[in-house]
Amino acid sequence: MAIVDLMVYLNGRLVAARRAGISVFDRGFLYGDGIYETIRAYGGHPFRLPAHLDRLRASARLTGVRLPGNGAGLAAMVRRVLAANRLADARIRITVSRGAGGPDPALMAGLQPTVLITAAPYLPPPPATVRDGVRAVITRVVRNDRRAVDPAIKATSLLNNILASREAAGRGARQAILLNPAGEVAEAASANIFWVRRGVLTTPSLAAGILPGVTRAVVLDLARRLGFSVREGRYLPAALTGADEAFVSASTIEILPLAWLGGRRFPARRPVTRALQTAYRVTVDAERGG
Ligand SMILES: Cc1ncc(COP(=O)(O)O)c(C=O)c1O
């Protein structure tokens with residue numbers, strides 16, 4: 001099915017994507033003035049939807065983007081979009097822009113937000129990629145300073161992340177790892193990062209300036225349940241580049257091993273990553289009731 005044949009939810013109505021229209025004055029389009037969430041559905045069940053909606057509310061608070069009813073109706077709407085498209089394994093996106101208004105800051109307050117929910121069939125990565133991992137590089141592009149657009153906001157203005165991904169692609173890598181302005185490891189362009197050294201699972205803390213990933217929280221919880229030592233903190237790149245294992249996490253990619261970082265290949269044995277990948281699948285299956 002082509003994506004234009006899908007049904008989307010736009011400002012209170014289910015409409016065909018090919019007929020859905022957004023104002024040419026929409027501030028999301030003009031200025032990247034919006035917030036969003038990407039959610040994975042398994043067998044028709046949107047995984048950890050409440051956590052995603054909580055984060056959307058947090059993004060709304062931090063940006064002043066209005067969320068109709070504080071997001072109360074969104075869960076039902078997500079399910080309606082999935083059902084309307086008869087989707088089981090899907091990639092869902094909720095996007096909320098500040099609304100359609102010109103550049104005049106005086107007019108920003110009273111705007112009606114634009115709310116869009118889309119869902120498209122999920123295309124899984126090849127099993128070999130999930131098993132063997134992808135190539136990553138640490139980019140020259142750094143993650144936003146927390147005093148600028150705070151990385152805790154899941155903002156539609158993604159140009160910084162896109163420039164990092166383009167740099168990584170230009171250097172032959174699929175994952176861009178960004179440092180924060182202090183030179184510490186932050187996260188990937190659209191995923192959080194973890195590594196393992198001598199059996200200890202480590203990830204940058206929220207204080208390093210990262211998005212508080214929903215998948216990251218699941219991984220940390222699973223790791224503790226499995227009895228792994230877990231550390232969150234602020235780390236220079238040497239901690240990552242010298243690791244025994246490394247992986248990135250995000251709703252759509254789940255847990256994806258890194259095979260290479262720059263010119264260094266990680267060992268092929270990844271016991272902690274494998275255990276977490278398996279535990280993640282078990283959690284997904286349990287929560288979707290099958
Ligand atoms: C910058 C960034 N970090 C981390 C993540 C992972 O977040 P989640 O696990 O909630 O999908 C994403 C997801 O898109 C992201 O864009």
# chains A, B, ... in the order shown; residues from 1 in each chain; ligands from 1
$ residues_near_ligand --ligand "ligand 1" --cutoff "8 Å" --atoms "only C-alpha atoms and all ligand atoms" --output "MDAnalysis selection string"
chainID A and resid 37:39 52 151 154 161 187:192 210:217 249:252 254
$ residues_around --residues "Arg234 in chain A" --least-positions-apart "3" --cutoff "8 Å" --atoms "only C-alpha atoms" --output "PyMOL selection string"
chain A and resi 184-185+204-205+207-208
$ atom_distance --atom1 "CA of Ala152 in chain A" --atom2 "CA of Gly209 in chain A"
7.0 Å
$ atom_distance --atom1 "CA of Arg93 in chain A" --atom2 "CA of Asp54 in chain A"
14.6 Å
$ closest_residue --among "A:Leu159, A:Leu222, A:Ala120, A:Leu56" --to "Ser97 in chain A" --atoms "only C-alpha atoms"
A:Leu56
$ residues_around --residues "range 105-118 of chain A" --least-positions-apart "4" --cutoff "6 Å" --atoms "only C-alpha atoms" --output "PDB file with N, CA and C atoms, in the first residue's frame"
ATOM      1  N   VAL A   8      -5.198   8.941   7.915  1.00  0.00           N
ATOM      2  CA  VAL A   8      -4.477   9.630   8.990  1.00  0.00           C
ATOM      3  C   VAL A   8      -5.484  10.387   9.847  1.00  0.00           C
ATOM      4  N   TYR A   9      -5.070  10.695  11.049  1.00  0.00           N
ATOM      5  CA  TYR A   9      -5.907  11.523  11.928  1.00  0.00           C
ATOM      6  C   TYR A   9      -5.347  12.928  11.863  1.00  0.00           C
ATOM      7  N   LEU A  10      -6.184  13.890  11.456  1.00  0.00           N
ATOM      8  CA  LEU A  10      -5.728  15.277  11.386  1.00  0.00           C
ATOM      9  C   LEU A  10      -6.767  16.185  12.037  1.00  0.00           C
ATOM     10  N   ASN A  11      -6.377  16.833  13.108  1.00  0.00           N
ATOM     11  CA  ASN A  11      -7.231  17.825  13.788  1.00  0.00           C
ATOM     12  C   ASN A  11      -8.657  17.333  14.026  1.00  0.00           C
ATOM     13  N   ILE A  92       4.081   4.309  14.250  1.00  0.00           N
ATOM     14  CA  ILE A  92       3.081   5.352  14.470  1.00  0.00           C
ATOM     15  C   ILE A  92       3.820   6.653  14.770  1.00  0.00           C
ATOM     16  N   ARG A  93       3.292   7.736  14.253  1.00  0.00           N
ATOM     17  CA  ARG A  93       3.881   9.022  14.643  1.00  0.00           C
ATOM     18  C   ARG A  93       2.775   9.978  15.044  1.00  0.00           C
ATOM     19  N   ILE A  94       2.950  10.625  16.193  1.00  0.00           N
ATOM     20  CA  ILE A  94       2.062  11.703  16.627  1.00  0.00           C
ATOM     21  C   ILE A  94       2.861  12.987  16.488  1.00  0.00           C
ATOM     22  N   THR A  95       2.339  13.930  15.720  1.00  0.00           N
ATOM     23  CA  THR A  95       3.025  15.206  15.552  1.00  0.00           C
ATOM     24  C   THR A  95       2.079  16.330  15.972  1.00  0.00           C
ATOM     25  N   VAL A  96       2.565  17.243  16.778  1.00  0.00           N
ATOM     26  CA  VAL A  96       1.748  18.389  17.197  1.00  0.00           C
ATOM     27  C   VAL A  96       2.563  19.654  16.951  1.00  0.00           C
ATOM     28  N   SER A  97       2.061  20.520  16.072  1.00  0.00           N
ATOM     29  CA  SER A  97       2.773  21.787  15.873  1.00  0.00           C
ATOM     30  C   SER A  97       2.029  22.881  16.623  1.00  0.00           C
ATOM     31  N   ARG A  98       2.698  24.011  16.812  1.00  0.00           N
ATOM     32  CA  ARG A  98       2.068  25.101  17.564  1.00  0.00           C
ATOM     33  C   ARG A  98       0.836  25.622  16.826  1.00  0.00           C
ATOM     34  N   GLY A  99       0.777  25.368  15.526  1.00  0.00           N
ATOM     35  CA  GLY A  99      -0.411  25.755  14.772  1.00  0.00           C
ATOM     36  C   GLY A  99      -0.080  26.645  13.598  1.00  0.00           C
TER      37      GLY A  99
END
$ residues_around --residues "Val284 in chain A" --least-positions-apart "3" --cutoff "8 Å" --atoms "only C-alpha atoms" --output "VMD selection string"
chain A and resid 42 47 280 to 281 287 to 288
$ write_last_selection --atoms "C-alpha atoms" --output "PDB file, in the first residue's frame"
ATOM      1  CA  TYR A  42       3.258  -5.025  17.644  1.00  0.00           C
ATOM      2  CA  PHE A  47       4.146  -0.590  22.823  1.00  0.00           C
ATOM      3  CA  TYR A 280      13.117  -7.122  25.054  1.00  0.00           C
ATOM      4  CA  ARG A 281      11.265  -9.497  22.710  1.00  0.00           C
ATOM      5  CA  GLU A 287       2.598  -6.875  26.803  1.00  0.00           C
ATOM      6  CA  ARG A 288       0.774  -7.538  23.564  1.00  0.00           C
TER       7      ARG A 288
END
$ select_by_dssp --residues "range 206-240 of chain A" --states "strand (DSSP E or B)" --output "ChimeraX atom specification"
/A:229-233
$ write_last_selection --atoms "C-alpha atoms" --output "mmCIF file, in the first residue's frame"
data_model
loop_
_atom_site.group_PDB
_atom_site.id
_atom_site.type_symbol
_atom_site.label_atom_id
_atom_site.label_comp_id
_atom_site.auth_asym_id
_atom_site.auth_seq_id
_atom_site.Cartn_x
_atom_site.Cartn_y
_atom_site.Cartn_z
ATOM 1 C CA SER A 229 25.631 -4.037 36.848
ATOM 2 C CA VAL A 230 24.302 -0.799 35.384
ATOM 3 C CA ARG A 231 25.873 2.645 35.406
ATOM 4 C CA GLU A 232 24.495 5.966 34.235
ATOM 5 C CA GLY A 233 26.802 8.962 34.162
#
$ select_by_dssp --residues "range 25-274 of chain A" --states "alpha helix (DSSP H)" --output "PyMOL selection string"
chain A and resi 27-31+49-63+74-84+127-132+159-170+214-225+237-241+271-274
$ write_last_selection --atoms "C-alpha atoms" --output "compact mmCIF listing (two decimals), in the first residue's frame"
# COMPACT_ATOMS: atom_id res chain seq x y z
CA ARG A 27 4.62 26.88 12.20
CA GLY A 28 5.70 23.25 12.23
CA PHE A 29 6.43 23.48 8.52
CA LEU A 30 7.80 27.04 8.55
CA TYR A 31 9.94 26.91 11.69
CA LEU A 49 1.95 4.13 24.65
CA PRO A 50 1.42 5.73 28.12
CA ALA A 51 5.17 6.43 28.43
CA HIS A 52 5.19 8.02 24.98
CA LEU A 53 2.18 10.20 25.83
CA ASP A 54 3.83 11.25 29.11
CA ARG A 55 6.91 12.33 27.18
CA LEU A 56 4.74 14.20 24.64
CA ARG A 57 3.14 16.07 27.57
CA ALA A 58 6.63 16.86 28.90
CA SER A 59 7.67 18.19 25.46
CA ALA A 60 4.48 20.28 25.38
CA ARG A 61 5.26 21.74 28.82
CA LEU A 62 8.84 22.58 27.85
CA THR A 63 7.83 24.30 24.58
CA LEU A 74 -4.67 10.64 21.83
CA ALA A 75 -4.45 7.00 22.92
CA ALA A 76 -7.89 6.27 21.46
CA MET A 77 -7.01 8.13 18.28
CA VAL A 78 -3.80 6.13 17.84
CA ARG A 79 -5.85 2.93 18.07
CA ARG A 80 -8.40 4.27 15.59
CA VAL A 81 -5.67 5.06 13.06
CA LEU A 82 -4.22 1.56 13.44
CA ALA A 83 -7.67 -0.01 13.02
CA ALA A 84 -8.63 2.17 10.05
CA PRO A 127 17.86 -10.27 10.65
CA ALA A 128 21.60 -10.12 9.85
CA THR A 129 21.63 -6.43 10.83
CA VAL A 130 19.90 -7.15 14.13
CA ARG A 131 22.38 -9.95 14.79
CA ASP A 132 25.64 -8.50 13.50
CA LEU A 159 18.11 19.65 11.46
CA ASN A 160 20.99 19.19 13.90
CA ASN A 161 20.32 15.42 14.08
CA ILE A 162 19.89 15.27 10.30
CA LEU A 163 23.25 16.98 9.73
CA ALA A 164 24.86 14.43 12.06
CA SER A 165 23.22 11.54 10.16
CA ARG A 166 24.36 13.02 6.85
CA GLU A 167 27.89 13.30 8.15
CA ALA A 168 27.77 9.67 9.31
CA ALA A 169 26.38 8.47 5.97
CA GLY A 170 29.12 10.40 4.16
CA VAL A 214 11.26 5.02 26.28
CA THR A 215 13.32 2.07 25.01
CA ARG A 216 16.27 3.23 27.15
CA ALA A 217 14.08 2.99 30.25
CA VAL A 218 12.94 -0.52 29.26
CA VAL A 219 16.56 -1.59 28.65
CA LEU A 220 17.71 -0.24 32.04
CA ASP A 221 14.86 -2.00 33.79
CA LEU A 222 15.53 -5.31 32.00
CA ALA A 223 19.27 -5.09 32.68
CA ARG A 224 18.66 -4.65 36.42
CA ARG A 225 16.17 -7.54 36.43
CA PRO A 237 34.36 8.93 24.23
CA ALA A 238 37.26 6.68 25.33
CA ALA A 239 34.80 4.77 27.54
CA LEU A 240 32.73 3.92 24.47
CA THR A 241 35.52 3.39 21.98
CA PRO A 271 26.52 -11.74 25.50
CA VAL A 272 24.93 -8.74 27.27
CA THR A 273 23.45 -7.26 24.08
CA ARG A 274 22.02 -10.66 23.10
$ closest_residue --among "A:Leu179, A:Ala275, A:Leu256, A:Ala286" --to "Pro126 in chain A" --atoms "only C-alpha atoms"
A:Leu256
$ closest_residue --among "A:Ala17, A:Ala2, A:Leu158, A:Ile138" --to "Ile35 in chain A" --atoms "only C-alpha atoms"
A:Leu158
$ atom_distance --atom1 "CA of Gly102 in chain A" --atom2 "CA of Val24 in chain A"
9.6 Å
$ closest_residue --among "A:Arg135, A:Arg265, A:Arg140, A:Arg40" --to "Asn180 in chain A" --atoms "only C-alpha atoms"
A:Arg140
